>>> print(open('coords-v5.cif').read())   # mmCIF, C-alpha atoms, pLDDT in the B column; chains and numbers go by the auth columns
data_input
#
loop_
_atom_site.group_PDB
_atom_site.id
_atom_site.type_symbol
_atom_site.label_atom_id
_atom_site.label_comp_id
_atom_site.label_asym_id
_atom_site.label_seq_id
_atom_site.Cartn_x
_atom_site.Cartn_y
_atom_site.Cartn_z
_atom_site.B_iso_or_equiv
_atom_site.auth_seq_id
_atom_site.auth_asym_id
ATOM 1 C CA MET A 1 3.178 9.804 -16.188 83.00 1015 A
ATOM 2 C CA LEU A 2 1.952 7.458 -13.485 91.00 1016 A
ATOM 3 C CA SER A 3 -1.293 8.657 -11.906 95.00 1017 A
ATOM 4 C CA LYS A 4 -1.626 8.957 -8.132 97.00 1018 A
ATOM 5 C CA LYS A 5 -4.293 6.278 -8.284 97.00 1019 A
ATOM 6 C CA THR A 6 -1.882 3.801 -9.873 97.00 1020 A
ATOM 7 C CA LYS A 7 0.948 4.736 -7.515 97.00 1021 A
ATOM 8 C CA TYR A 8 -1.329 4.288 -4.496 98.00 1022 A
ATOM 9 C CA ALA A 9 -2.570 0.965 -5.878 98.00 1023 A
ATOM 10 C CA ILE A 10 1.008 -0.302 -6.212 98.00 1024 A
ATOM 11 C CA LYS A 11 1.897 0.926 -2.716 97.00 1025 A
ATOM 12 C CA ALA A 12 -1.180 -0.769 -1.212 97.00 1026 A
ATOM 13 C CA LEU A 13 -0.436 -4.011 -3.059 97.00 1027 A
ATOM 14 C CA LEU A 14 3.171 -3.967 -1.863 97.00 1028 A
ATOM 15 C CA PHE A 15 1.976 -3.389 1.688 96.00 1029 A
ATOM 16 C CA LEU A 16 -0.346 -6.393 1.456 96.00 1030 A
ATOM 17 C CA ALA A 17 2.302 -8.528 -0.254 95.00 1031 A
ATOM 18 C CA ALA A 18 4.716 -7.842 2.594 92.00 1032 A
ATOM 19 C CA ARG A 19 2.115 -9.170 5.065 87.00 1033 A
ATOM 20 C CA LYS A 20 2.046 -12.611 3.375 77.00 1034 A
ATOM 21 C CA GLY A 21 -0.769 -15.059 3.710 68.00 1035 A
ATOM 22 C CA THR A 22 -4.444 -14.280 3.850 67.00 1036 A
ATOM 23 C CA GLU A 23 -4.639 -12.272 7.060 82.00 1037 A
ATOM 24 C CA PRO A 24 -6.933 -9.365 6.189 93.00 1038 A
ATOM 25 C CA VAL A 25 -5.595 -5.834 6.650 94.00 1039 A
ATOM 26 C CA THR A 26 -7.940 -2.913 7.245 94.00 1040 A
ATOM 27 C CA ILE A 27 -8.165 0.028 4.905 95.00 1041 A
ATOM 28 C CA ALA A 28 -7.314 2.300 7.828 95.00 1042 A
ATOM 29 C CA ASP A 29 -4.058 0.411 8.501 95.00 1043 A
ATOM 30 C CA ILE A 30 -2.980 0.551 4.860 96.00 1044 A
ATOM 31 C CA ALA A 31 -3.959 4.207 4.536 97.00 1045 A
ATOM 32 C CA ALA A 32 -2.065 5.231 7.673 97.00 1046 A
ATOM 33 C CA GLU A 33 1.072 3.227 6.925 95.00 1047 A
ATOM 34 C CA GLU A 34 1.300 4.211 3.257 96.00 1048 A
ATOM 35 C CA ARG A 35 0.001 7.792 3.641 96.00 1049 A
ATOM 36 C CA ILE A 36 -2.891 7.294 1.250 97.00 1050 A
ATOM 37 C CA PRO A 37 -6.191 9.154 1.712 97.00 1051 A
ATOM 38 C CA LYS A 38 -8.617 6.584 3.109 96.00 1052 A
ATOM 39 C CA LYS A 39 -11.589 7.409 0.845 96.00 1053 A
ATOM 40 C CA PHE A 40 -9.360 7.294 -2.248 96.00 1054 A
ATOM 41 C CA LEU A 41 -7.891 3.984 -1.094 97.00 1055 A
ATOM 42 C CA GLU A 42 -11.368 2.475 -0.661 96.00 1056 A
ATOM 43 C CA VAL A 43 -12.098 3.056 -4.358 97.00 1057 A
ATOM 44 C CA ILE A 44 -8.716 1.632 -5.396 98.00 1058 A
ATOM 45 C CA LEU A 45 -9.028 -1.513 -3.277 97.00 1059 A
ATOM 46 C CA LEU A 46 -12.553 -2.134 -4.494 97.00 1060 A
ATOM 47 C CA GLU A 47 -11.356 -2.007 -8.101 97.00 1061 A
ATOM 48 C CA LEU A 48 -8.479 -4.393 -7.303 97.00 1062 A
ATOM 49 C CA ARG A 49 -10.973 -6.732 -5.673 96.00 1063 A
ATOM 50 C CA ASN A 50 -13.304 -6.536 -8.668 96.00 1064 A
ATOM 51 C CA GLN A 51 -10.363 -7.474 -10.913 96.00 1065 A
ATOM 52 C CA GLY A 52 -9.604 -10.590 -8.849 95.00 1066 A
ATOM 53 C CA ILE A 53 -6.307 -9.331 -7.442 95.00 1067 A
ATOM 54 C CA LEU A 54 -7.561 -8.860 -3.883 95.00 1068 A
ATOM 55 C CA HIS A 55 -10.189 -10.432 -1.685 93.00 1069 A
ATOM 56 C CA SER A 56 -11.958 -8.848 1.236 92.00 1070 A
ATOM 57 C CA LEU A 57 -13.647 -9.983 4.409 88.00 1071 A
ATOM 58 C CA LYS A 58 -16.320 -7.922 6.118 89.00 1072 A
ATOM 59 C CA GLY A 59 -16.887 -7.435 9.806 86.00 1073 A
ATOM 60 C CA LYS A 60 -14.620 -7.701 12.818 85.00 1074 A
ATOM 61 C CA GLY A 61 -11.181 -8.918 11.761 81.00 1075 A
ATOM 62 C CA GLY A 62 -12.034 -8.084 8.169 88.00 1076 A
ATOM 63 C CA GLY A 63 -10.076 -6.234 5.570 93.00 1077 A
ATOM 64 C CA TYR A 64 -8.225 -6.909 2.328 94.00 1078 A
ATOM 65 C CA TYR A 65 -5.613 -9.481 1.344 94.00 1079 A
ATOM 66 C CA LEU A 66 -3.912 -10.607 -1.854 94.00 1080 A
ATOM 67 C CA LEU A 67 -5.673 -13.311 -3.804 92.00 1081 A
ATOM 68 C CA LYS A 68 -2.682 -13.889 -6.078 91.00 1082 A
ATOM 69 C CA ASP A 69 0.960 -14.558 -5.415 93.00 1083 A
ATOM 70 C CA PRO A 70 3.096 -11.368 -5.578 95.00 1084 A
ATOM 71 C CA ARG A 71 5.055 -13.027 -8.424 96.00 1085 A
ATOM 72 C CA GLU A 72 1.866 -13.041 -10.531 95.00 1086 A
ATOM 73 C CA ILE A 73 0.991 -9.352 -10.213 96.00 1087 A
ATOM 74 C CA SER A 74 2.951 -7.162 -12.611 97.00 1088 A
ATOM 75 C CA ILE A 75 3.280 -3.407 -12.535 97.00 1089 A
ATOM 76 C CA ALA A 76 2.075 -3.428 -16.175 96.00 1090 A
ATOM 77 C CA LYS A 77 -1.216 -5.032 -15.123 96.00 1091 A
ATOM 78 C CA VAL A 78 -1.818 -2.460 -12.378 97.00 1092 A
ATOM 79 C CA MET A 79 -0.905 0.437 -14.666 95.00 1093 A
ATOM 80 C CA ARG A 80 -3.258 -0.745 -17.404 94.00 1094 A
ATOM 81 C CA LEU A 81 -6.026 -1.266 -14.882 95.00 1095 A
ATOM 82 C CA PHE A 82 -5.932 2.315 -13.609 96.00 1096 A
ATOM 83 C CA ASP A 83 -4.204 4.351 -16.335 94.00 1097 A
ATOM 84 C CA GLY A 84 -5.083 2.472 -19.507 91.00 1098 A
ATOM 85 C CA PRO A 85 -2.466 2.324 -22.267 89.00 1099 A
ATOM 86 C CA ILE A 86 1.229 2.264 -21.464 90.00 1100 A
ATOM 87 C CA ALA A 87 2.268 3.611 -24.878 88.00 1101 A
ATOM 88 C CA LEU A 88 2.801 7.343 -25.261 88.00 1102 A
ATOM 89 C CA LEU A 89 0.897 7.561 -28.556 88.00 1103 A
ATOM 90 C CA PRO A 90 -2.545 6.070 -29.264 88.00 1104 A
ATOM 91 C CA CYS A 91 -1.305 4.655 -32.589 90.00 1105 A
ATOM 92 C CA ALA A 92 1.593 2.899 -30.860 89.00 1106 A
ATOM 93 C CA THR A 93 -0.395 1.162 -28.165 87.00 1107 A
ATOM 94 C CA HIS A 94 -1.189 -2.504 -28.502 80.00 1108 A
ATOM 95 C CA MET A 95 -4.266 -2.925 -26.327 80.00 1109 A
ATOM 96 C CA TYR A 96 -5.865 0.518 -26.785 84.00 1110 A
ATOM 97 C CA TYR A 97 -5.003 1.301 -30.421 88.00 1111 A
ATOM 98 C CA GLU A 98 -6.389 4.419 -32.112 86.00 1112 A
ATOM 99 C CA ALA A 99 -5.419 5.553 -35.603 88.00 1113 A
ATOM 100 C CA CYS A 100 -3.755 8.937 -36.007 86.00 1114 A
ATOM 101 C CA LYS A 101 -5.926 11.355 -37.983 85.00 1115 A
ATOM 102 C CA GLU A 102 -2.945 13.294 -39.308 85.00 1116 A
ATOM 103 C CA CYS A 103 -0.840 10.289 -40.335 84.00 1117 A
ATOM 104 C CA LYS A 104 -0.508 9.576 -44.067 87.00 1118 A
ATOM 105 C CA ASP A 105 0.758 6.003 -43.709 89.00 1119 A
ATOM 106 C CA GLU A 106 1.174 4.353 -40.296 87.00 1120 A
ATOM 107 C CA ASP A 107 3.237 1.532 -41.755 88.00 1121 A
ATOM 108 C CA THR A 108 5.983 3.957 -42.799 92.00 1122 A
ATOM 109 C CA CYS A 109 5.645 6.494 -39.981 91.00 1123 A
ATOM 110 C CA GLY A 110 9.009 6.923 -38.261 93.00 1124 A
ATOM 111 C CA ILE A 111 7.445 8.596 -35.228 91.00 1125 A
ATOM 112 C CA ARG A 112 5.119 5.645 -34.668 91.00 1126 A
ATOM 113 C CA SER A 113 8.001 3.225 -35.138 93.00 1127 A
ATOM 114 C CA VAL A 114 10.085 4.934 -32.439 95.00 1128 A
ATOM 115 C CA PHE A 115 7.197 4.999 -29.982 93.00 1129 A
ATOM 116 C CA GLN A 116 6.301 1.373 -30.670 93.00 1130 A
ATOM 117 C CA GLU A 117 9.876 0.444 -29.756 95.00 1131 A
ATOM 118 C CA VAL A 118 9.662 2.524 -26.568 95.00 1132 A
ATOM 119 C CA ARG A 119 6.335 0.824 -25.794 93.00 1133 A
ATOM 120 C CA ASP A 120 7.725 -2.659 -26.407 94.00 1134 A
ATOM 121 C CA GLN A 121 10.710 -2.156 -24.126 96.00 1135 A
ATOM 122 C CA THR A 122 8.647 -0.414 -21.442 94.00 1136 A
ATOM 123 C CA VAL A 123 5.956 -3.096 -21.443 94.00 1137 A
ATOM 124 C CA ARG A 124 8.560 -5.866 -21.337 95.00 1138 A
ATOM 125 C CA MET A 125 10.209 -4.286 -18.293 96.00 1139 A
ATOM 126 C CA LEU A 126 6.911 -3.557 -16.518 96.00 1140 A
ATOM 127 C CA LYS A 127 5.639 -7.100 -17.093 95.00 1141 A
ATOM 128 C CA ARG A 128 8.842 -8.489 -15.565 95.00 1142 A
ATOM 129 C CA SER A 129 8.479 -6.103 -12.628 96.00 1143 A
ATOM 130 C CA THR A 130 6.139 -8.015 -10.358 97.00 1144 A
ATOM 131 C CA LEU A 131 5.268 -7.081 -6.789 97.00 1145 A
ATOM 132 C CA ARG A 132 7.829 -9.668 -5.682 96.00 1146 A
ATOM 133 C CA GLU A 133 10.520 -8.062 -7.863 97.00 1147 A
ATOM 134 C CA VAL A 134 9.732 -4.602 -6.465 96.00 1148 A
ATOM 135 C CA MET A 135 9.907 -5.962 -2.910 96.00 1149 A
ATOM 136 C CA LEU A 136 13.313 -7.523 -3.618 96.00 1150 A
ATOM 137 C CA ARG A 137 14.551 -4.239 -5.092 95.00 1151 A
ATOM 138 C CA GLU A 138 13.387 -2.342 -2.011 94.00 1152 A
ATOM 139 C CA GLN A 139 15.149 -4.817 0.253 95.00 1153 A
ATOM 140 C CA LYS A 140 18.365 -4.544 -1.763 96.00 1154 A
ATOM 141 C CA LEU A 141 18.206 -0.733 -1.717 96.00 1155 A
ATOM 142 C CA ARG A 142 17.654 -0.690 2.070 93.00 1156 A
ATOM 143 C CA GLU A 143 20.668 -2.973 2.535 94.00 1157 A
ATOM 144 C CA GLN A 144 22.807 -0.753 0.303 94.00 1158 A
ATOM 145 C CA LYS A 145 21.722 2.312 2.250 94.00 1159 A
ATOM 146 C CA GLN A 146 22.569 0.619 5.565 92.00 1160 A
ATOM 147 C CA ARG A 147 26.025 -0.346 4.285 91.00 1161 A
ATOM 148 C CA MET A 148 26.605 3.198 3.058 90.00 1162 A
ATOM 149 C CA LEU A 149 25.529 4.649 6.412 89.00 1163 A
ATOM 150 C CA ARG A 150 27.811 2.242 8.306 87.00 1164 A
ATOM 151 C CA THR A 151 30.819 3.204 6.199 87.00 1165 A
ATOM 152 C CA ARG A 152 30.135 6.902 6.785 80.00 1166 A
ATOM 153 C CA THR A 153 29.813 6.568 10.537 65.00 1167 A
ATOM 154 C CA PRO A 154 33.210 6.834 12.259 67.00 1168 A
ATOM 155 C CA SER A 155 33.955 4.030 14.720 58.00 1169 A
#
>>> encode(input="coords-v5.cif", output="structure tokens")
Amino acid sequence: MLSKKTKYAIKALLFLAARKGTEPVTIADIAAEERIPKKFLEVILLELRNQGILHSLKGKGGGYYLLKDPREISIAKVMRLFDGPIALLPCATHMYYEACKECKDEDTCGIRSVFQEVRDQTVRMLKRSTLREVMLREQKLREQKQRMLRTRTPS
């Protein structure tokens, strides 16, 4: 399951990506617009800055902005940053592997095989899902909703 920290990080990154350019945005503005507790957001943005995803300016007119293009920031990267492994089993994860104590032979374990396949497909999809892709999906969904509302409304 996606942690609140990861979800808030994605929401904050999407907010900044929608602002384009390097105009800094205050923590207070992001927190208010995205309904994220300000103190929690401070910790999240600091971690994103430390990882080279964001940059910050101090003082009047300061705040945070994206350092990378939204096409370069994948959901997989953000998830791994805050939640660690994407795989559901420690023996099926690629980057955070841990052997199973109860497994007789990992190479022939059907359970591990299934969860490695789930991991592979999930990681592939999450790596393709960049901030830009999520923004395009949101735009498409808003347009679909508007069309649906227009067709429901009698003229």
>>> closest_atom_pairs(input="coords-v5.cif", of="range 1084-1161 of chain A", to="range 1032-1047 of chain A", cutoff="10 Å", atoms="only C-alpha atoms", output="CSV")
residue,atom,partner,partner_atom,distance
A:Pro1084,CA,A:Ala1032,CA,9.0
A:Leu1145,CA,A:Ala1032,CA,9.4
A:Arg1146,CA,A:Ala1032,CA,9.0
A:Met1149,CA,A:Ala1032,CA,7.8
>>> closest_residue(input="coords-v5.cif", among="A:Cys1114, A:Leu1163, A:Val1137, A:Leu1028", to="Pro1099 in chain A", atoms="only C-alpha atoms")
A:Val1137
>>> residues_around(input="coords-v5.cif", residues="Val1128 in chain A", least_positions_apart="3", cutoff="12 Å", atoms="all atoms listed in the file", output="list of chain:residue names")
A:Ala1101, A:Leu1102, A:Leu1103, A:Cys1105, A:Ala1106, A:Thr1107, A:Glu1120, A:Thr1122, A:Cys1123, A:Gly1124, A:Ile1125, A:Glu1131, A:Val1132, A:Arg1133, A:Asp1134, A:Gln1135
>>> residues_around(input="coords-v5.cif", residues="Gly1066 in chain A", least_positions_apart="4", cutoff="12 Å", atoms="all atoms listed in the file", output="PyMOL selection string")
chain A and resi 1059-1062+1070+1078-1083+1086-1087+1091-1092+1095
>>> write_last_selection(input="coords-v5.cif", atoms="C-alpha atoms", output="PDB file, in the coordinates of the input")
ATOM      1  CA  LEU A1059      -9.028  -1.513  -3.277  1.00 97.00           C
ATOM      2  CA  LEU A1060     -12.553  -2.134  -4.494  1.00 97.00           C
ATOM      3  CA  GLU A1061     -11.356  -2.007  -8.101  1.00 97.00           C
ATOM      4  CA  LEU A1062      -8.479  -4.393  -7.303  1.00 97.00           C
ATOM      5  CA  SER A1070     -11.958  -8.848   1.236  1.00 92.00           C
ATOM      6  CA  TYR A1078      -8.225  -6.909   2.328  1.00 94.00           C
ATOM      7  CA  TYR A1079      -5.613  -9.481   1.344  1.00 94.00           C
ATOM      8  CA  LEU A1080      -3.912 -10.607  -1.854  1.00 94.00           C
ATOM      9  CA  LEU A1081      -5.673 -13.311  -3.804  1.00 92.00           C
ATOM     10  CA  LYS A1082      -2.682 -13.889  -6.078  1.00 91.00           C
ATOM     11  CA  ASP A1083       0.960 -14.558  -5.415  1.00 93.00           C
ATOM     12  CA  GLU A1086       1.866 -13.041 -10.531  1.00 95.00           C
ATOM     13  CA  ILE A1087       0.991  -9.352 -10.213  1.00 96.00           C
ATOM     14  CA  LYS A1091      -1.216  -5.032 -15.123  1.00 96.00           C
ATOM     15  CA  VAL A1092      -1.818  -2.460 -12.378  1.00 97.00           C
ATOM     16  CA  LEU A1095      -6.026  -1.266 -14.882  1.00 95.00           C
TER      17      LEU A1095
END
>>> closest_residue(input="coords-v5.cif", among="A:Asn1064, A:Phe1054, A:Ile1089, A:Gly1098", to="Leu1027 in chain A", atoms="all atoms listed in the file")
A:Ile1089
